[in-house]
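A.B. asks: The file below is model.cif, mmCIF, C-alpha atoms:
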```cif
data_entry
#
loop_
_atom_site.label_atom_id
_atom_site.label_comp_id
_atom_site.auth_asym_id
_atom_site.auth_seq_id
_atom_site.Cartn_x
_atom_site.Cartn_y
_atom_site.Cartn_z
CA MET A 1 -3.56 7.41 24.09
CA ILE A 2 -1.59 9.01 21.23
CA ASP A 3 -0.20 12.49 21.81
CA ILE A 4 0.94 15.00 19.19
CA GLY A 5 4.61 13.99 19.39
CA GLN A 6 3.75 10.35 18.84
CA SER A 7 1.39 11.26 16.00
CA VAL A 8 4.23 13.09 14.24
CA ILE A 9 6.46 10.03 14.54
CA LEU A 10 3.73 7.72 13.27
CA GLY A 11 2.93 10.15 10.45
CA VAL A 12 6.57 10.11 9.33
CA VAL A 13 6.68 6.30 9.50
CA GLU A 14 3.44 6.02 7.53
CA GLY A 15 4.53 8.52 4.89
CA LEU A 16 7.92 6.86 4.38
CA THR A 17 6.73 3.27 4.28
CA GLU A 18 3.24 3.30 2.73
CA PHE A 19 4.48 3.08 -0.84
CA LEU A 20 7.98 1.70 -0.35
CA PRO A 21 7.79 -2.12 -0.47
CA VAL A 22 8.73 -2.50 3.20
CA SER A 23 5.28 -2.65 4.88
CA SER A 24 3.80 0.46 6.43
CA THR A 25 1.57 -1.63 8.70
CA GLY A 26 4.55 -3.58 9.96
CA HIS A 27 6.64 -0.47 10.62
CA LEU A 28 3.71 1.30 12.29
CA LYS A 29 3.16 -1.65 14.62
CA ILE A 30 6.88 -1.74 15.45
CA ALA A 31 6.88 2.02 16.10
CA GLU A 32 3.76 1.73 18.24
CA GLY A 33 5.36 -1.07 20.23
CA LEU A 34 8.51 0.98 20.84
CA LEU A 35 6.36 3.97 21.88
CA GLY A 36 4.39 1.83 24.30
CA ILE A 37 1.15 2.13 22.31
CA PRO A 38 -1.04 -1.04 22.32
CA VAL A 39 -0.94 -2.28 18.73
CA ASP A 40 -4.21 -4.21 18.94
CA ASP A 41 -6.36 -1.42 20.45
CA GLN A 42 -9.22 -0.62 18.05
CA SER A 43 -8.64 3.13 18.35
CA VAL A 44 -4.98 2.66 17.41
CA VAL A 45 -5.90 0.40 14.47
CA GLY A 46 -8.34 3.11 13.34
CA PHE A 47 -5.72 5.83 13.78
CA THR A 48 -3.20 4.06 11.54
CA ALA A 49 -5.86 3.48 8.87
CA VAL A 50 -6.96 7.12 8.90
CA ILE A 51 -3.47 8.63 8.60
CA GLN A 52 -3.07 6.48 5.49
CA VAL A 53 -5.50 8.91 3.86
CA GLY A 54 -2.74 11.51 4.07
CA ALA A 55 -0.50 9.25 2.02
CA ILE A 56 -3.31 8.63 -0.45
CA ALA A 57 -3.82 12.39 -0.79
CA ALA A 58 -0.15 12.59 -1.76
CA VAL A 59 -0.80 10.07 -4.55
CA LEU A 60 -3.78 12.10 -5.76
CA VAL A 61 -1.71 15.27 -5.91
CA TYR A 62 1.39 13.66 -7.44
CA PHE A 63 -0.56 11.77 -10.13
CA PHE A 64 -3.21 14.46 -10.65
CA ARG A 65 -2.64 14.70 -14.41
CA ASP A 66 -2.80 10.92 -14.86
CA ILE A 67 -5.92 10.66 -12.71
CA ALA A 68 -7.57 13.52 -14.60
CA ARG A 69 -6.74 11.76 -17.89
CA PHE A 70 -8.23 8.47 -16.66
CA ALA A 71 -11.32 10.21 -15.30
CA GLY A 72 -11.82 12.05 -18.59
CA ALA A 73 -11.48 8.84 -20.60
CA TRP A 74 -13.88 7.06 -18.24
CA GLY A 75 -16.45 9.84 -18.58
CA ARG A 76 -16.21 9.88 -22.36
CA GLY A 77 -16.56 6.11 -22.47
CA LEU A 78 -19.81 6.20 -20.55
CA VAL A 79 -21.49 8.15 -23.35
CA ASN A 80 -19.42 7.29 -26.41
CA ALA A 81 -18.98 3.72 -27.70
CA GLU A 82 -15.86 4.61 -29.67
CA ALA A 83 -14.20 6.08 -26.58
CA ARG A 84 -14.65 2.75 -24.81
CA GLN A 85 -11.89 1.34 -26.97
CA GLU A 86 -9.34 3.69 -25.38
CA HIS A 87 -6.87 2.01 -23.04
CA ASP A 88 -7.36 4.71 -20.41
CA TYR A 89 -11.10 3.99 -20.27
CA LYS A 90 -10.49 0.27 -19.86
CA PHE A 91 -7.72 0.88 -17.31
CA SER A 92 -10.08 2.98 -15.18
CA TRP A 93 -12.59 0.14 -15.02
CA TRP A 94 -9.86 -2.37 -14.29
CA VAL A 95 -8.74 -0.40 -11.23
CA ILE A 96 -12.33 -0.38 -9.98
CA LEU A 97 -12.83 -4.11 -10.59
CA ALA A 98 -9.42 -5.01 -9.16
CA THR A 99 -10.38 -3.32 -5.89
CA ILE A 100 -13.37 -5.60 -5.29
CA PRO A 101 -11.34 -8.61 -4.00
CA ILE A 102 -9.64 -6.60 -1.22
CA VAL A 103 -12.97 -5.05 -0.20
CA VAL A 104 -14.62 -8.48 0.08
CA ALA A 105 -11.63 -9.92 1.96
CA GLY A 106 -11.59 -6.95 4.32
CA LEU A 107 -15.23 -7.51 5.25
CA LEU A 108 -14.89 -11.29 5.56
CA PHE A 109 -11.68 -11.39 7.58
CA GLN A 110 -12.12 -8.25 9.67
CA SER A 111 -12.09 -10.14 12.99
CA LEU A 112 -8.86 -11.94 12.10
CA VAL A 113 -7.15 -8.78 10.88
CA LYS A 114 -8.01 -6.89 14.05
CA GLY A 115 -7.42 -9.91 16.30
CA PRO A 116 -4.92 -12.80 16.01
CA LEU A 117 -3.18 -11.42 12.92
CA ALA A 118 -2.52 -8.04 14.59
CA SER A 119 0.65 -9.42 16.14
CA LEU A 120 4.30 -8.41 15.88
CA TRP A 121 5.19 -12.10 15.46
CA VAL A 122 3.07 -12.12 12.30
CA VAL A 123 4.72 -8.88 11.18
CA ALA A 124 8.22 -10.34 11.59
CA ALA A 125 7.38 -13.54 9.71
CA SER A 126 5.59 -11.61 6.96
CA LEU A 127 8.49 -9.20 6.49
CA ILE A 128 10.83 -12.12 5.87
CA GLY A 129 8.37 -14.19 3.82
CA GLY A 130 7.44 -11.21 1.66
CA SER A 131 11.12 -10.55 1.01
CA VAL A 132 11.47 -13.99 -0.56
CA VAL A 133 8.53 -13.31 -2.88
CA MET A 134 9.93 -9.92 -3.84
CA TRP A 135 13.39 -11.31 -4.57
CA LEU A 136 11.94 -14.07 -6.79
CA ALA A 137 9.75 -11.59 -8.66
CA ASP A 138 12.62 -9.17 -9.20
CA ARG A 139 14.93 -12.00 -10.24
CA PHE A 140 12.64 -13.88 -12.62
CA GLY A 141 10.27 -11.19 -13.92
CA THR A 142 10.91 -10.46 -17.59
CA GLY A 143 10.20 -6.71 -17.33
CA ARG A 144 9.29 -6.57 -21.01
CA ARG A 145 5.85 -4.99 -20.71
CA ALA A 146 5.11 -1.29 -20.14
CA GLU A 147 2.09 0.41 -18.57
CA ALA A 148 0.32 0.52 -21.94
CA ASP A 149 0.47 -3.29 -22.03
CA VAL A 150 -1.46 -3.77 -18.77
CA THR A 151 -4.52 -6.03 -19.22
CA LEU A 152 -7.56 -6.89 -17.10
CA PRO A 153 -5.98 -10.15 -15.84
CA ASP A 154 -2.90 -8.16 -14.80
CA ALA A 155 -4.99 -5.66 -12.86
CA MET A 156 -7.13 -8.35 -11.19
CA LEU A 157 -4.14 -10.41 -10.07
CA VAL A 158 -2.22 -7.38 -8.83
CA GLY A 159 -5.31 -6.02 -7.08
CA SER A 160 -6.05 -9.39 -5.47
CA SER A 161 -2.49 -9.61 -4.15
CA GLN A 162 -3.37 -6.79 -1.74
CA ILE A 163 -5.15 -9.46 0.31
CA LEU A 164 -1.74 -10.83 1.32
CA ALA A 165 -0.89 -7.55 3.01
CA LEU A 166 -4.34 -7.40 4.63
CA LEU A 167 -4.03 -10.85 6.20
CA PHE A 168 -0.30 -10.71 6.95
CA PRO A 169 0.73 -7.26 8.22
CA GLY A 170 4.37 -6.98 7.34
CA PHE A 171 4.00 -8.53 3.88
CA SER A 172 3.50 -5.01 2.43
CA ARG A 173 0.67 -3.96 0.13
CA SER A 174 3.07 -2.23 -2.25
CA GLY A 175 5.49 -5.15 -2.02
CA ALA A 176 2.76 -7.65 -2.89
CA THR A 177 1.35 -5.61 -5.78
CA ILE A 178 4.72 -4.68 -7.27
CA SER A 179 5.95 -8.28 -7.00
CA THR A 180 2.81 -9.57 -8.72
CA GLY A 181 3.23 -6.99 -11.46
CA LEU A 182 6.82 -8.08 -11.99
CA LEU A 183 5.79 -11.74 -12.14
CA ARG A 184 3.26 -10.75 -14.83
CA GLY A 185 6.16 -9.40 -16.90
CA LEU A 186 5.67 -5.68 -16.25
CA ASP A 187 8.76 -3.51 -15.98
CA ARG A 188 9.58 -2.01 -12.57
CA VAL A 189 8.16 1.44 -13.33
CA ALA A 190 4.90 0.04 -14.76
CA ALA A 191 4.47 -2.34 -11.81
CA THR A 192 5.13 0.47 -9.35
CA ARG A 193 2.73 2.91 -11.01
CA LEU A 194 0.00 0.25 -11.15
CA SER A 195 0.55 -0.33 -7.43
CA PHE A 196 0.07 3.40 -6.81
CA PHE A 197 -3.19 3.59 -8.77
CA LEU A 198 -4.62 0.51 -7.06
CA SER A 199 -3.77 1.99 -3.67
CA ILE A 200 -6.14 4.93 -4.12
CA PRO A 201 -9.54 3.20 -3.76
CA ALA A 202 -8.29 0.49 -1.39
CA LEU A 203 -6.60 2.71 1.18
CA THR A 204 -9.12 5.54 0.93
CA GLY A 205 -11.93 3.11 1.63
CA ALA A 206 -10.05 1.57 4.56
CA GLY A 207 -9.34 4.98 6.06
CA LEU A 208 -12.95 6.14 5.83
CA TYR A 209 -14.23 2.83 7.21
CA GLU A 210 -11.92 3.00 10.24
CA LEU A 211 -12.62 6.70 10.92
CA LYS A 212 -15.41 5.84 13.37
CA ASP A 213 -13.05 3.72 15.51
CA ALA A 214 -10.34 6.38 15.48
CA LEU A 215 -12.72 9.18 16.52
CA GLY A 216 -14.92 7.10 18.78
CA GLY A 217 -12.09 5.83 20.98
CA SER A 218 -9.47 7.43 23.17
CA ILE A 219 -7.62 9.38 20.46
CA ASP A 220 -8.18 13.14 20.13
CA VAL A 221 -8.88 14.77 16.78
CA VAL A 222 -5.75 16.99 16.86
CA PRO A 223 -3.20 14.11 16.88
CA LEU A 224 -5.22 12.43 14.13
CA VAL A 225 -5.07 15.55 11.95
CA VAL A 226 -1.36 16.11 12.69
CA GLY A 227 -0.49 12.51 11.81
CA THR A 228 -2.45 12.73 8.55
CA VAL A 229 -0.80 16.01 7.46
CA VAL A 230 2.69 14.72 8.26
CA SER A 231 1.92 11.51 6.41
CA PHE A 232 0.90 13.51 3.32
CA ALA A 233 4.07 15.60 3.24
CA VAL A 234 6.46 12.71 3.77
CA ALA A 235 4.61 10.37 1.39
CA TYR A 236 4.78 12.91 -1.45
CA GLY A 237 8.57 12.95 -1.23
CA ALA A 238 8.70 9.15 -0.94
CA ILE A 239 6.61 8.72 -4.11
CA ALA A 240 8.87 10.98 -6.16
CA TRP A 241 11.98 9.23 -4.87
CA LEU A 242 10.67 5.69 -5.45
CA LEU A 243 9.69 6.29 -9.09
CA LYS A 244 13.16 7.64 -9.82
CA PHE A 245 14.81 4.78 -7.92
CA VAL A 246 12.99 1.90 -9.64
CA ALA A 247 13.79 3.33 -13.07
CA GLY A 248 17.42 2.36 -12.61
CA HIS A 249 17.66 -0.08 -9.70
CA THR A 250 16.47 -3.51 -8.62
CA PHE A 251 14.55 -4.11 -5.39
CA THR A 252 17.46 -5.91 -3.74
CA ALA A 253 18.07 -3.13 -1.22
CA PHE A 254 14.47 -3.38 -0.02
CA VAL A 255 14.72 -7.18 0.23
CA VAL A 256 17.85 -6.97 2.40
CA TYR A 257 16.34 -4.24 4.57
CA ARG A 258 13.14 -6.22 5.15
CA VAL A 259 15.05 -9.33 6.19
CA ILE A 260 17.19 -7.34 8.61
CA VAL A 261 14.14 -5.67 10.19
CA GLY A 262 12.27 -8.99 10.38
CA VAL A 263 15.15 -10.80 12.07
CA ALA A 264 15.76 -7.88 14.44
CA LEU A 265 12.07 -7.84 15.35
CA LEU A 266 12.13 -11.57 16.10
CA GLY A 267 15.11 -10.95 18.35
CA LEU A 268 13.40 -8.11 20.22
CA LEU A 269 10.26 -10.18 20.72
CA GLY A 270 12.23 -13.21 21.85
CA ALA A 271 14.22 -11.11 24.32
CA GLY A 272 11.05 -9.59 25.72
CA VAL A 273 12.01 -6.03 24.73
CA LEU A 274 8.83 -5.85 22.67
CA HIS A 275 5.55 -7.62 23.28
CA SER A 276 3.38 -8.87 20.46
#
```
When written as structure tokens, how does the structure in this file appear?
C.D. replies:
Amino acid sequence: MIDIGQSVILGVVEGLTEFLPVSSTGHLKIAEGLLGIPVDDQSVVGFTAVIQVGAIAAVLVYFFRDIARFAGAWGRGLVNAEARQEHDYKFSWWVILATIPIVVAGLLFQSLVKGPLASLWVVAASLIGGSVVMWLADRFGTGRRAEADVTLPDAMLVGSSQILALLFPGFSRSGATISTGLLRGLDRVAATRLSFFLSIPALTGAGLYELKDALGGSIDVVPLVVGTVVSFAVAYGAIAWLLKFVAGHTFTAFVVYRVIVGVALLGLLGAGVLHS
């Protein structure tokens, strides 16, 4: 169903859009529609979830030193009461706890996510609706708090916001988490980095869970591997670029882009060029 050429295209789309606040799921569904790939086929849904692991691997490599620091603090805290007062130890637990809501929602709403909500109409509406949320967050967020100021309530709210992207493909997981971080008063870099760290358990778990559908359907292993490798390479570059970009720019460009894509998608669906 998906050949190597198509897997390269989808890998590029995934790598570019997974961490930019533009919705990787939405762009993948649009790309699949343009390539004539059925967006609601379970094998295709599994394929897109698995190639996300390539993007997650890019996060692990890019933030290796940070992750090693968190892991070290977490390990020390397990055996040393004094070490449990370190922010890195607490932050590690917060990432774990903040992942629980998306896991529960994923199990509860699996039939909806793979059924009625797997529609390009939903993607178009979510792209536009998510843009409004992002603009408001960027406009009214104080941006006075750094990464060291992140608290458990911050992590839980930001982690829970991933549910919006799960239920409404096109809303964007990174867009939802970054926007929530901004509304909590975090600066753009802190909100973006928190979004990256929260993506690791959520997307890795989703990819491993969907692996059986991707391999058990009509998709060969080679395209799956190619798409994952391409996703890793492109995502690594996208991560580096985004962190530099948010340090000195607002998210207005992403908001405008999302609205344009959402409106264009509505037009293509209405004209019958694409089918939901």
A.B. asks: Could you tell me how far CA of Ala31 (chain A) sits from CA of Thr177 (chain A), in Å to one decimal place?
C.D. replies: 23.8 Å
A.B. asks: Using only C-alpha atoms, can you tell me which of A:Asp88, A:Glu82, A:Glu14, A:Asp187 comes closest to Leu28 (chain A)?
C.D. replies: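 Selected residue with least distance to Leu28 (chain A): A:Glu14.
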A.B. asks: Looking at A:Leu269, A:Val255, A:Val234, A:Ala55, which one is nearest to Ser172 (chain A), with distances taken over only C-alpha atoms?
C.D. replies: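 Counting only C-alpha atoms, the residue closest to Ser172 (chain A) is A:Val255.
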A.B. asks: How close does each residue of region 70-142 of chain A get to region 35-40 of chain A, giving the shortest atom pair and distance in Å to one decimal for every residue with an atom at most 9 Å away, counting all atoms listed in the file, sorted by chain and residue number, as a tab-separated table?
C.D. replies:
```
residue	atom	partner	partner_atom	distance
A:Lys114	CA	A:Asp40	CA	6.7
A:Gly115	CA	A:Asp40	CA	7.1
A:Ala118	CA	A:Asp40	CA	6.0
A:Ser119	CA	A:Asp40	CA	7.7
A:Leu120	CA	A:Val39	CA	8.6
```
A.B. asks: Since we have the selection now, will you write its residues out, keeping C-alpha atoms, as a JSON list (two decimals), in the coordinates of the input?
C.D. replies:
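Writing the result to out.json gives the following:
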```
[["chain", "number", "residue", "atom", "x", "y", "z"],
["A", 114, "LYS", "CA", -8.01, -6.89, 14.05],
["A", 115, "GLY", "CA", -7.42, -9.91, 16.30],
["A", 118, "ALA", "CA", -2.52, -8.04, 14.59],
["A", 119, "SER", "CA", 0.65, -9.42, 16.14],
["A", 120, "LEU", "CA", 4.30, -8.41, 15.88]]
```
A.B. asks: Spell out the residues picked by the PyMOL selection byres ((chain A and resi 156) around 10) here, as a VMD selection string.
C.D. replies: chain A and resid 94 to 101 151 to 155 157 to 161
A.B. asks: Could you please determine the separation between CA of Val261 (chain A) and CA of Ser126 (chain A) in Å, to one decimal place?
C.D. replies: 10.9 Å
A.B. asks: For this file, the PyMOL selection byres ((chain A and resi 103-106) around 9) selects which residues, as a PDB file with C-alpha atoms, in the coordinates of the input?
C.D. replies:
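Here's the written file selection-v8.pdb:
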```
ATOM      1  CA  THR A  99     -10.380  -3.320  -5.890  1.00  0.00           C
ATOM      2  CA  ILE A 100     -13.370  -5.600  -5.290  1.00  0.00           C
ATOM      3  CA  PRO A 101     -11.340  -8.610  -4.000  1.00  0.00           C
ATOM      4  CA  ILE A 102      -9.640  -6.600  -1.220  1.00  0.00           C
ATOM      5  CA  LEU A 107     -15.230  -7.510   5.250  1.00  0.00           C
ATOM      6  CA  LEU A 108     -14.890 -11.290   5.560  1.00  0.00           C
ATOM      7  CA  PHE A 109     -11.680 -11.390   7.580  1.00  0.00           C
ATOM      8  CA  GLN A 110     -12.120  -8.250   9.670  1.00  0.00           C
ATOM      9  CA  VAL A 113      -7.150  -8.780  10.880  1.00  0.00           C
ATOM     10  CA  ILE A 163      -5.150  -9.460   0.310  1.00  0.00           C
ATOM     11  CA  LEU A 166      -4.340  -7.400   4.630  1.00  0.00           C
ATOM     12  CA  LEU A 167      -4.030 -10.850   6.200  1.00  0.00           C
ATOM     13  CA  ALA A 202      -8.290   0.490  -1.390  1.00  0.00           C
ATOM     14  CA  GLY A 205     -11.930   3.110   1.630  1.00  0.00           C
ATOM     15  CA  ALA A 206     -10.050   1.570   4.560  1.00  0.00           C
TER      16      ALA A 206
END
```
A.B. asks: List the residues selected by the PyMOL selection byres ((chain A and resi 5-13) around 8) in the file shown, writing them as number ranges by chain.
C.D. replies: A: 2-4, 14-17, 24, 27-28, 31-32, 35, 51, 223-224, 226-231, 234
A.B. asks: Might you pull out every residue within 8 Å of region 68-81 of chain A, with all atoms listed in the file counted and same-chain residues fewer than 4 positions away left off, and present them as a ChimeraX atom specification?
C.D. replies: /A:64,85-86,88-93
A.B. asks: Would you save the residues of that selection, restricted to C-alpha atoms, as a PDB file, in the frame of the given file?
C.D. replies:
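What landed in selection_15.pdb:
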```pdb
ATOM      1  CA  PHE A  64      -3.210  14.460 -10.650  1.00  0.00           C
ATOM      2  CA  GLN A  85     -11.890   1.340 -26.970  1.00  0.00           C
ATOM      3  CA  GLU A  86      -9.340   3.690 -25.380  1.00  0.00           C
ATOM      4  CA  ASP A  88      -7.360   4.710 -20.410  1.00  0.00           C
ATOM      5  CA  TYR A  89     -11.100   3.990 -20.270  1.00  0.00           C
ATOM      6  CA  LYS A  90     -10.490   0.270 -19.860  1.00  0.00           C
ATOM      7  CA  PHE A  91      -7.720   0.880 -17.310  1.00  0.00           C
ATOM      8  CA  SER A  92     -10.080   2.980 -15.180  1.00  0.00           C
ATOM      9  CA  TRP A  93     -12.590   0.140 -15.020  1.00  0.00           C
TER      10      TRP A  93
END
```
A.B. asks: Using all atoms listed in the file, which of A:Ile239, A:Leu266, A:Met134, A:Val59 sits nearest Phe197 (chain A)?
C.D. replies: A:Val59
A.B. asks: Extract, using all atoms listed in the file, all DNA, RNA and protein residues at most 7 Å from Phe171 (chain A), discarding same-chain residues fewer than 2 positions from it, and format them as a list in words.
C.D. replies: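 After dropping sequence-adjacent residues, the list is Ser23, Ser126, Leu127, Gly130, Leu164, Ala165, Phe168, Pro169, Arg173, Gly175 and Ala176 of chain A.
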A.B. asks: Taking all listed atoms of region 197-212 of chain A, build the axis-aligned box, pad each of the six sides by 4 Å, then write its centre and edge lengths in Å to one decimal as JSON.
C.D. replies:
```
{"center_x": -9.3, "center_y": 3.6, "center_z": 2.3, "size_x": 20.2, "size_y": 14.2, "size_z": 30.1}
```
